[in-house]
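A.B. asks: My structure is in input.cif, and what it holds is mmCIF, C-alpha atoms:
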data_work
#
loop_
_atom_site.label_atom_id
_atom_site.label_comp_id
_atom_site.auth_asym_id
_atom_site.auth_seq_id
_atom_site.Cartn_x
_atom_site.Cartn_y
_atom_site.Cartn_z
CA MET A 1 22.38 2.37 20.26
CA SER A 2 22.61 5.39 17.95
CA GLU A 3 19.52 7.20 16.70
CA ASN A 4 20.38 6.25 13.12
CA ARG A 5 20.61 2.57 14.07
CA LYS A 6 17.29 2.72 15.90
CA PHE A 7 15.68 4.36 12.88
CA GLN A 8 17.02 1.64 10.58
CA LEU A 9 15.69 -1.10 12.85
CA GLY A 10 12.33 0.68 13.04
CA THR A 11 12.16 0.89 9.26
CA ILE A 12 13.05 -2.79 8.84
CA GLY A 13 10.37 -3.70 11.40
CA ALA A 14 7.76 -1.59 9.61
CA LEU A 15 8.60 -3.13 6.24
CA SER A 16 8.53 -6.66 7.64
CA LEU A 17 5.21 -6.09 9.42
CA SER A 18 3.73 -4.72 6.19
CA VAL A 19 4.84 -7.75 4.20
CA VAL A 20 3.65 -10.38 6.67
CA SER A 21 0.28 -8.74 7.36
CA SER A 22 -0.46 -7.97 3.69
CA VAL A 23 0.34 -11.48 2.46
CA SER A 24 -1.72 -12.92 5.35
CA ILE A 25 -4.78 -10.82 4.52
CA VAL A 26 -4.54 -11.74 0.84
CA ILE A 27 -4.67 -15.45 1.71
CA CYS A 28 -7.51 -14.89 4.19
CA ASN A 29 -9.56 -12.76 1.78
CA LYS A 30 -9.03 -15.20 -1.07
CA ALA A 31 -10.63 -17.90 1.07
CA LEU A 32 -13.44 -15.51 2.05
CA ILE A 33 -14.19 -14.11 -1.39
CA SER A 34 -13.19 -16.83 -3.85
CA THR A 35 -14.12 -19.90 -1.79
CA LEU A 36 -17.01 -18.71 0.38
CA GLY A 37 -18.49 -16.29 -2.16
CA PHE A 38 -18.36 -13.11 -0.04
CA THR A 39 -17.55 -10.73 -2.93
CA PHE A 40 -18.29 -7.42 -1.19
CA ALA A 41 -14.74 -6.04 -1.13
CA THR A 42 -15.54 -2.35 -0.58
CA THR A 43 -17.94 -3.00 2.30
CA LEU A 44 -15.41 -5.40 3.82
CA THR A 45 -12.80 -2.63 3.69
CA SER A 46 -15.13 -0.29 5.61
CA TRP A 47 -15.38 -2.94 8.33
CA HIS A 48 -11.59 -3.25 8.33
CA LEU A 49 -11.23 0.46 8.99
CA LEU A 50 -13.95 0.45 11.66
CA VAL A 51 -12.20 -2.37 13.55
CA THR A 52 -8.88 -0.57 13.15
CA PHE A 53 -10.35 2.59 14.68
CA CYS A 54 -11.86 0.65 17.60
CA SER A 55 -8.53 -1.12 18.22
CA LEU A 56 -6.66 2.18 18.22
CA HIS A 57 -9.25 3.69 20.56
CA VAL A 58 -8.63 0.86 23.02
CA ALA A 59 -4.87 1.43 22.63
CA LEU A 60 -5.41 5.13 23.36
CA TRP A 61 -7.47 4.28 26.44
CA MET A 62 -4.60 2.04 27.58
CA LYS A 63 -2.25 5.01 26.98
CA LEU A 64 -0.18 3.13 24.41
CA PHE A 65 0.02 6.31 22.33
CA GLU A 66 -0.85 9.98 22.78
CA HIS A 67 -3.73 11.66 21.00
CA LYS A 68 -2.47 14.71 19.11
CA PRO A 69 -5.23 16.73 17.41
CA PHE A 70 -4.23 18.90 14.46
CA ASP A 71 -5.80 20.51 11.38
CA ALA A 72 -9.30 18.97 11.31
CA ARG A 73 -9.94 19.92 7.69
CA ALA A 74 -6.72 18.27 6.56
CA VAL A 75 -7.64 15.07 8.40
CA MET A 76 -11.17 15.03 7.01
CA GLY A 77 -10.03 15.69 3.45
CA PHE A 78 -7.31 13.07 3.72
CA GLY A 79 -9.67 10.44 5.14
CA ILE A 80 -12.38 11.02 2.53
CA LEU A 81 -9.80 11.02 -0.30
CA ASN A 82 -8.42 7.69 0.93
CA GLY A 83 -11.91 6.20 0.98
CA ILE A 84 -12.69 7.48 -2.51
CA SER A 85 -9.42 6.09 -3.90
CA ILE A 86 -10.30 2.62 -2.59
CA GLY A 87 -13.73 2.81 -4.20
CA LEU A 88 -12.22 3.95 -7.52
CA LEU A 89 -9.69 1.10 -7.49
CA ASN A 90 -12.53 -1.39 -7.01
CA LEU A 91 -14.55 0.24 -9.80
CA SER A 92 -11.47 0.20 -12.03
CA LEU A 93 -11.24 -3.57 -11.71
CA GLY A 94 -15.00 -3.95 -12.16
CA PHE A 95 -15.05 -2.08 -15.48
CA ASN A 96 -11.68 -3.27 -16.84
CA SER A 97 -9.96 -6.55 -17.57
CA VAL A 98 -7.60 -7.93 -14.92
CA GLY A 99 -4.62 -7.16 -17.17
CA PHE A 100 -5.58 -3.51 -17.56
CA TYR A 101 -6.16 -3.25 -13.80
CA GLN A 102 -2.64 -4.55 -13.21
CA MET A 103 -1.36 -1.84 -15.57
CA THR A 104 -3.31 0.67 -13.48
CA LYS A 105 -1.45 -0.45 -10.36
CA LEU A 106 1.88 -0.28 -12.19
CA ALA A 107 1.10 3.30 -13.22
CA ILE A 108 0.99 4.44 -9.58
CA ILE A 109 4.81 4.58 -9.24
CA PRO A 110 5.53 6.78 -12.30
CA CYS A 111 2.54 8.97 -11.41
CA THR A 112 3.86 9.41 -7.84
CA VAL A 113 7.32 10.27 -9.17
CA LEU A 114 5.79 12.83 -11.54
CA LEU A 115 3.65 14.48 -8.84
CA GLU A 116 6.52 14.66 -6.33
CA THR A 117 8.80 16.12 -9.01
CA LEU A 118 6.29 18.76 -10.14
CA PHE A 119 4.82 19.85 -6.80
CA PHE A 120 7.51 19.01 -4.24
CA ARG A 121 10.60 19.59 -6.43
CA LYS A 122 11.85 16.17 -5.46
CA LYS A 123 14.55 14.78 -7.74
CA PHE A 124 15.00 11.13 -8.67
CA SER A 125 18.38 10.13 -10.07
CA ARG A 126 18.67 8.19 -13.31
CA ASN A 127 19.81 5.15 -11.36
CA ILE A 128 16.62 5.24 -9.27
CA GLN A 129 14.49 5.74 -12.38
CA LEU A 130 16.21 2.82 -14.13
CA SER A 131 15.70 0.51 -11.16
CA LEU A 132 12.00 1.45 -10.99
CA ALA A 133 11.66 0.75 -14.73
CA ILE A 134 13.20 -2.73 -14.27
CA LEU A 135 10.88 -3.40 -11.33
CA LEU A 136 7.77 -2.36 -13.27
CA LEU A 137 8.85 -4.43 -16.28
CA GLY A 138 9.23 -7.53 -14.10
CA VAL A 139 5.90 -7.10 -12.33
CA GLY A 140 4.25 -6.41 -15.68
CA ILE A 141 5.62 -9.63 -17.18
CA ALA A 142 4.52 -11.62 -14.12
CA THR A 143 1.00 -10.23 -13.73
CA VAL A 144 -0.32 -8.50 -16.87
CA THR A 145 -2.15 -10.85 -19.21
CA ASP A 146 -4.98 -9.51 -21.35
CA MET A 147 -5.36 -5.84 -22.25
CA GLN A 148 -8.94 -4.83 -23.05
CA LEU A 149 -9.63 -1.10 -23.16
CA ASN A 150 -12.86 0.86 -22.78
CA ILE A 151 -13.48 4.57 -22.24
CA LEU A 152 -15.31 4.36 -18.89
CA GLY A 153 -12.83 1.88 -17.46
CA SER A 154 -9.89 4.01 -18.60
CA ILE A 155 -11.34 7.13 -16.97
CA LEU A 156 -11.96 5.25 -13.71
CA SER A 157 -8.41 3.89 -13.78
CA LEU A 158 -6.96 7.36 -14.33
CA LEU A 159 -8.95 8.75 -11.40
CA ALA A 160 -7.95 5.78 -9.23
CA VAL A 161 -4.24 6.29 -9.98
CA VAL A 162 -4.33 10.05 -9.30
CA THR A 163 -6.33 9.79 -6.05
CA THR A 164 -4.17 6.91 -4.77
CA CYS A 165 -0.95 8.82 -5.50
CA ILE A 166 -2.20 11.99 -3.82
CA ALA A 167 -3.47 10.06 -0.78
CA GLN A 168 -0.13 8.29 -0.31
CA ILE A 169 1.86 11.49 -0.76
CA MET A 170 -0.42 13.16 1.80
CA THR A 171 0.21 10.29 4.23
CA ASN A 172 3.90 11.14 4.16
CA THR A 173 3.66 14.94 4.09
CA ILE A 174 1.01 15.23 6.84
CA GLN A 175 3.09 13.16 9.26
CA LYS A 176 6.12 15.37 8.65
CA LYS A 177 4.31 18.71 8.48
CA PHE A 178 2.29 18.29 11.68
CA LYS A 179 4.88 16.07 13.41
CA VAL A 180 2.38 13.30 14.13
CA SER A 181 3.10 9.58 14.24
CA SER A 182 1.56 7.04 11.89
CA THR A 183 -0.66 5.84 14.76
CA GLN A 184 -1.94 9.34 15.51
CA LEU A 185 -2.74 10.02 11.85
CA LEU A 186 -4.42 6.64 11.35
CA TYR A 187 -6.52 7.09 14.51
CA GLN A 188 -7.85 10.47 13.39
CA SER A 189 -8.43 9.64 9.72
CA CYS A 190 -9.93 6.15 10.16
CA PRO A 191 -13.49 7.33 11.00
CA TYR A 192 -13.69 9.41 7.81
CA GLN A 193 -12.33 6.58 5.66
CA ALA A 194 -14.67 4.05 7.26
CA LEU A 195 -17.72 6.30 6.94
CA THR A 196 -16.97 7.09 3.29
CA LEU A 197 -16.65 3.41 2.39
CA PHE A 198 -19.60 2.37 4.58
CA ILE A 199 -21.81 4.76 2.60
CA ILE A 200 -20.55 3.95 -0.90
CA GLY A 201 -19.56 0.32 -0.24
CA PRO A 202 -22.95 -1.45 -0.52
CA PHE A 203 -23.78 0.58 -3.64
CA LEU A 204 -20.46 -0.18 -5.37
CA ASP A 205 -20.54 -3.85 -4.39
CA GLY A 206 -24.11 -4.14 -5.64
CA LEU A 207 -23.12 -2.49 -8.92
CA LEU A 208 -20.17 -4.82 -9.42
CA THR A 209 -21.66 -8.11 -8.17
CA ASN A 210 -25.44 -7.67 -8.61
CA LYS A 211 -25.80 -8.88 -5.01
CA ASN A 212 -26.94 -7.28 -1.76
CA VAL A 213 -24.41 -7.41 1.07
CA PHE A 214 -27.22 -7.27 3.65
CA ALA A 215 -29.03 -10.21 2.07
CA PHE A 216 -25.97 -12.47 2.09
CA LYS A 217 -26.18 -15.64 4.16
CA TYR A 218 -23.62 -15.24 6.96
CA THR A 219 -22.64 -18.76 8.02
CA PRO A 220 -20.32 -19.32 11.00
CA GLN A 221 -17.46 -20.03 8.58
CA VAL A 222 -18.02 -16.76 6.72
CA LEU A 223 -18.22 -14.82 9.99
CA PHE A 224 -14.98 -16.43 11.19
CA PHE A 225 -13.06 -15.32 8.11
CA ILE A 226 -14.61 -11.84 8.21
CA VAL A 227 -13.48 -11.41 11.83
CA LEU A 228 -10.03 -12.81 11.01
CA SER A 229 -9.72 -10.49 8.02
CA CYS A 230 -10.70 -7.48 10.14
CA LEU A 231 -8.15 -8.36 12.83
CA ILE A 232 -5.34 -8.75 10.29
CA SER A 233 -6.39 -5.46 8.66
CA VAL A 234 -5.45 -3.60 11.86
CA SER A 235 -1.85 -4.59 11.24
CA VAL A 236 -2.13 -3.88 7.50
CA ASN A 237 -3.50 -0.36 7.97
CA PHE A 238 -1.05 0.47 10.76
CA SER A 239 1.98 -0.78 8.80
CA THR A 240 0.88 1.11 5.67
CA PHE A 241 0.96 4.46 7.48
CA LEU A 242 4.13 3.45 9.32
CA VAL A 243 6.04 2.50 6.15
CA ILE A 244 5.03 5.61 4.20
CA GLY A 245 5.88 7.81 7.18
CA LYS A 246 9.33 6.24 7.66
CA THR A 247 10.20 5.94 3.97
CA SER A 248 8.26 7.48 1.07
CA PRO A 249 5.23 6.80 -1.16
CA VAL A 250 7.47 5.42 -3.93
CA THR A 251 9.27 3.03 -1.57
CA TYR A 252 5.88 1.88 -0.29
CA GLN A 253 4.77 1.10 -3.86
CA VAL A 254 8.01 -0.82 -4.47
CA LEU A 255 7.25 -2.82 -1.34
CA GLY A 256 3.73 -3.40 -2.64
CA HIS A 257 5.03 -4.98 -5.83
CA LEU A 258 7.33 -7.17 -3.77
CA LYS A 259 4.21 -8.34 -1.93
CA THR A 260 2.60 -9.08 -5.29
CA CYS A 261 5.49 -11.36 -6.21
CA LEU A 262 5.28 -13.10 -2.83
CA VAL A 263 1.53 -13.58 -3.15
CA LEU A 264 2.01 -15.19 -6.57
CA ALA A 265 4.62 -17.53 -5.09
CA PHE A 266 2.48 -18.36 -2.03
CA GLY A 267 -0.54 -18.95 -4.26
CA TYR A 268 1.44 -21.50 -6.25
CA VAL A 269 2.98 -23.27 -3.24
CA LEU A 270 0.04 -23.24 -0.81
CA LEU A 271 -3.04 -22.93 -3.01
CA HIS A 272 -1.75 -24.61 -6.18
CA ASP A 273 -2.64 -21.63 -8.38
CA PRO A 274 -1.51 -21.82 -12.03
CA PHE A 275 2.13 -20.76 -12.40
CA SER A 276 4.17 -20.43 -15.59
CA TRP A 277 7.74 -19.64 -16.63
CA ARG A 278 6.49 -16.17 -17.47
CA ASN A 279 5.52 -15.63 -13.81
CA ILE A 280 8.93 -16.88 -12.65
CA LEU A 281 10.81 -14.67 -15.16
CA GLY A 282 8.76 -11.62 -14.19
CA ILE A 283 9.32 -12.17 -10.47
CA LEU A 284 13.08 -12.57 -10.97
CA ILE A 285 13.30 -9.36 -13.02
CA ALA A 286 11.21 -7.53 -10.41
CA VAL A 287 13.47 -8.71 -7.59
CA VAL A 288 16.54 -7.48 -9.54
CA GLY A 289 14.85 -4.08 -9.89
CA MET A 290 14.09 -3.98 -6.15
CA VAL A 291 17.69 -4.84 -5.25
CA ILE A 292 19.08 -2.15 -7.57
CA TYR A 293 16.54 0.38 -6.26
CA SER A 294 17.43 -0.35 -2.66
CA TYR A 295 21.18 -0.23 -3.35
CA TYR A 296 21.06 3.20 -4.99
CA CYS A 297 18.68 4.49 -2.30
CA THR A 298 21.27 3.52 0.32
CA VAL A 299 24.18 5.02 -1.62
CA GLU A 300 22.38 8.32 -2.22
CA SER A 301 21.19 8.44 1.38
CA GLN A 302 24.76 8.02 2.65
CA GLN A 303 25.98 10.70 0.25
CA GLN A 304 23.29 13.08 1.46
CA LYS A 305 24.15 12.48 5.13
CA ALA A 306 27.86 12.96 4.41
CA SER A 307 27.20 16.27 2.70
CA GLU A 308 25.14 17.49 5.65
CA VAL A 309 28.08 16.94 7.99
CA SER A 310 30.16 19.57 6.22
CA PRO A 311 28.43 22.97 5.92
CA GLN A 312 30.82 23.91 3.12
CA LEU A 313 29.41 21.30 0.79
CA PRO A 314 26.26 22.18 -1.17
CA GLN A 315 23.13 20.28 -0.20
CA VAL A 316 22.61 17.29 -2.45
CA LYS A 317 19.30 16.55 -4.07
CA GLU A 318 16.60 14.80 -2.11
CA SER A 319 16.34 11.10 -2.86
CA GLU A 320 14.49 8.04 -1.74
CA SER A 321 16.28 7.74 1.59
CA ASP A 322 14.85 4.55 3.05
CA PRO A 323 15.41 1.47 0.91
CA LEU A 324 14.21 -2.08 1.16
CA ILE A 325 17.79 -3.29 1.56
CA SER A 326 20.29 -1.79 3.96
CA VAL A 327 23.92 -1.84 2.73
CA ASP A 328 26.80 -1.47 5.16
CA ASN A 329 30.50 -1.74 4.28
CA GLY A 330 29.74 -3.53 1.06
CA SER A 331 27.50 -6.17 2.60
CA GLY A 332 23.79 -6.32 1.83
CA MET A 333 21.03 -7.19 4.25
CA LEU A 334 17.57 -7.89 2.92
CA SER A 335 15.14 -6.16 5.23
CA ASP A 336 12.06 -7.85 3.93
CA GLY A 337 10.45 -9.67 1.13
CA VAL A 338 7.03 -9.33 -0.40
CA GLY A 339 -4.75 -5.88 -2.56
CA PRO A 340 -4.61 -8.55 -7.56
CA LYS A 341 -3.72 -11.62 -8.46
CA ALA A 342 -7.30 -12.68 -8.99
CA PRO A 343 -10.05 -10.49 -10.36
CA VAL A 344 -12.05 -10.01 -7.15
CA TRP A 345 -10.29 -10.88 -3.92
CA ASN A 346 -7.54 -8.32 -4.16
CA THR A 347 -9.51 -5.34 -5.31
CA ASN A 348 -9.32 -4.27 -1.68
CA LYS A 349 -6.50 -1.84 -0.90
CA ASP A 350 -5.68 -3.73 2.25
CA LEU A 351 -4.43 -6.52 0.04
CA HIS A 352 -1.68 -4.62 -1.64
CA ALA A 353 0.16 -2.07 -1.23
#
Could you quickly redo this structure as structure tokens?

C.D. replies:
Amino acid sequence: MSENRKFQLGTIGALSLSVVSSVSIVICNKALISTLGFTFATTLTSWHLLVTFCSLHVALWMKLFEHKPFDARAVMGFGILNGISIGLLNLSLGFNSVGFYQMTKLAIIPCTVLLETLFFRKKFSRNIQLSLAILLLGVGIATVTDMQLNILGSILSLLAVVTTCIAQIMTNTIQKKFKVSSTQLLYQSCPYQALTLFIIGPFLDGLLTNKNVFAFKYTPQVLFFIVLSCLISVSVNFSTFLVIGKTSPVTYQVLGHLKTCLVLAFGYVLLHDPFSWRNILGILIAVVGMVIYSYYCTVESQQQKASEVSPQLPQVKESESDPLISVDNGSGMLSDGVGPKAPVWNTNKDLHA
């Protein structure tokens, strides 16, 4: 099997794992937060990261991957920034309407494109930009309802978007710069993320819910769903780093919106959540945008590889090289399908993309 074929299969596997684990944790956390009343999303995320680190430490002890230390300051800064971005996203939802929070999530893609264009000189073709616009329009129609603005909420949303974009770009660039795998980066950054959220989590959750996480009554049912959520989060966190490392931050965000559409559909089918023609129209438009995005990613990737074969041809511009759909000889293969659909249970970054 060729290296290119292996890479494609690895990418498809990473995307599929991300979709399955993210949708699973959304359903689990909705039961935990909406049904059982455990509304401490930030603190729960710190436990997710702690369990992820412990799981990876066991995997390291079993020699399932190799520990590769590198720039300690880069790892620390990256881990703390990731933790802060999660806290800011939760605060953004707490001080804004659900509709404005959805707009905040939609703003992550154009912000990522802008940052990569300005600081990494990465170019996005008009076809890619058009497909992203269609995607964002569809997700906006499906998820954005009310739009209530306030100064504090707007500032928090702006900070959340910027920190999230930078953290996801760093996830990609660190893996390539230091030649570390997603597992190695996650293992080294997890303690800093977990510690950051463990410190700020109870304070943020208390501010947003007026409840004390340590005074909550932990019944066996609540403990079961907390443990289940933490176990699923290992797969969520691992697949997040894996997808961004194999593709790009923008492709990861596209995948995240696909998950949003899937969660809406699953919520309607399994949990009987309210569903309207507006949701259906938005999901269909979003899927069209994802298909167009993936198609042009594949075309531009093939053009780039063809140009690299001949040294006489000038190097083509860098593009999103790993799509959600792989196209070969005119046939399309869907590689996968997709943290809020409700105001509380998906404030957690593990739940989305």

A.B. asks: Quick one: of A:Leu9, A:Leu91, A:Leu136, A:Val75, who's nearest to Gly206 (chain A), counting only C-alpha atoms?

C.D. replies: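 For Gly206 (chain A), the nearest of the candidates is A:Leu91.
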
A.B. asks: Evaluate the PyMOL selection byres ((chain A and resi 159) around 12) here and jot the selected residues down as a VMD selection string.

C.D. replies: chain A and resid 81 84 to 92 104 to 105 107 to 108 111 152 to 158 160 to 166

A.B. asks: Fewer than 6 positions away in the same chain doesn't count, so skip those; otherwise give me all residues within 8 Å of region 277-281 of chain A, counting only C-alpha atoms, as a VMD selection string.

C.D. replies: chain A and resid 138 141 to 143

A.B. asks: Could you write those residues out with C-alpha atoms, as a PDB file, keeping the file's coordinate frame?

C.D. replies:
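Written output follows (result_0.pdb):
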ATOM      1  CA  GLY A 138       9.230  -7.530 -14.100  1.00  0.00           C
ATOM      2  CA  ILE A 141       5.620  -9.630 -17.180  1.00  0.00           C
ATOM      3  CA  ALA A 142       4.520 -11.620 -14.120  1.00  0.00           C
ATOM      4  CA  THR A 143       1.000 -10.230 -13.730  1.00  0.00           C
TER       5      THR A 143
END

A.B. asks: With all atoms listed in the file as the atoms that count, which of A:Gly140, A:Val23, A:Thr43, A:Val291 lies nearest to Asn212 (chain A)?

C.D. replies: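 That would be A:Thr43, the residue with the smallest distance to Asn212 (chain A).
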
A.B. asks: For this file, the PyMOL selection byres ((chain A and resi 240) around 12) selects which residues, as a VMD selection string?

C.D. replies: chain A and resid 11 14 to 22 167 to 168 171 to 172 182 to 183 185 to 186 233 to 239 241 to 249 251 to 253 255 to 256 349 to 353

A.B. asks: Give me, please, the distance in Å between CA of Gly289 (chain A) and CA of Leu106 (chain A), quoted to one decimal.

C.D. replies: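 Straight-line distance from CA of Gly289 (chain A) to CA of Leu106 (chain A) works out to 13.7 Å.
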
A.B. asks: To one decimal in Å, tell me the separation between CA of Gln129 (chain A) and CA of Thr112 (chain A).

C.D. replies: 12.1 Å

A.B. asks: List the residues matched by the PyMOL selection byres ((chain A and resi 285) around 8) in the displayed structure as a ChimeraX atom specification, ordered by chain and then by residue number.

C.D. replies: /A:134-135,137-139,281-284,286-289

A.B. asks: Considering only C-alpha atoms, state which residue in the set A:Tyr192, A:Phe100, A:Trp61, A:Phe95 is at the smallest distance from Leu204 (chain A).

C.D. replies: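 Looking only at the distances to Leu204 (chain A), the closest residue turns out to be A:Phe95.
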
A.B. asks: Just checking: using all atoms listed in the file, which residue out of A:Asn96, A:Thr173, A:Ser34, A:Gln188 ends up closest to Asn150 (chain A)?

C.D. replies: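 Residue with the minimum atom-to-atom distance to Asn150 (chain A): A:Asn96.
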
A.B. asks: I need the residue nearest Val58 (chain A) from this list: A:Asp71, A:Tyr187, A:Ser307, A:Tyr295. Use only C-alpha atoms for the distance.

C.D. replies: A:Tyr187

A.B. asks: In Å, how far is it from CA of Ile33 (chain A) to CA of Phe78 (chain A)?

C.D. replies: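 A separation of 28.5 Å between them.
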
A.B. asks: Within 10 Å of Phe65 (chain A), counting only C-alpha atoms, which residues qualify if same-chain residues fewer than 2 places away don't, as an MDAnalysis selection string?

C.D. replies: chainID A and resid 56:57 59:63 67:68 181 183:184

A.B. asks: With only C-alpha atoms as the basis for distance, which of A:Ile174, A:Gly201, A:Tyr293, A:Ala215 is at the shortest distance from Ala72 (chain A)?

C.D. replies: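 Among the listed residues, the smallest separation from Ala72 (chain A) belongs to A:Ile174.
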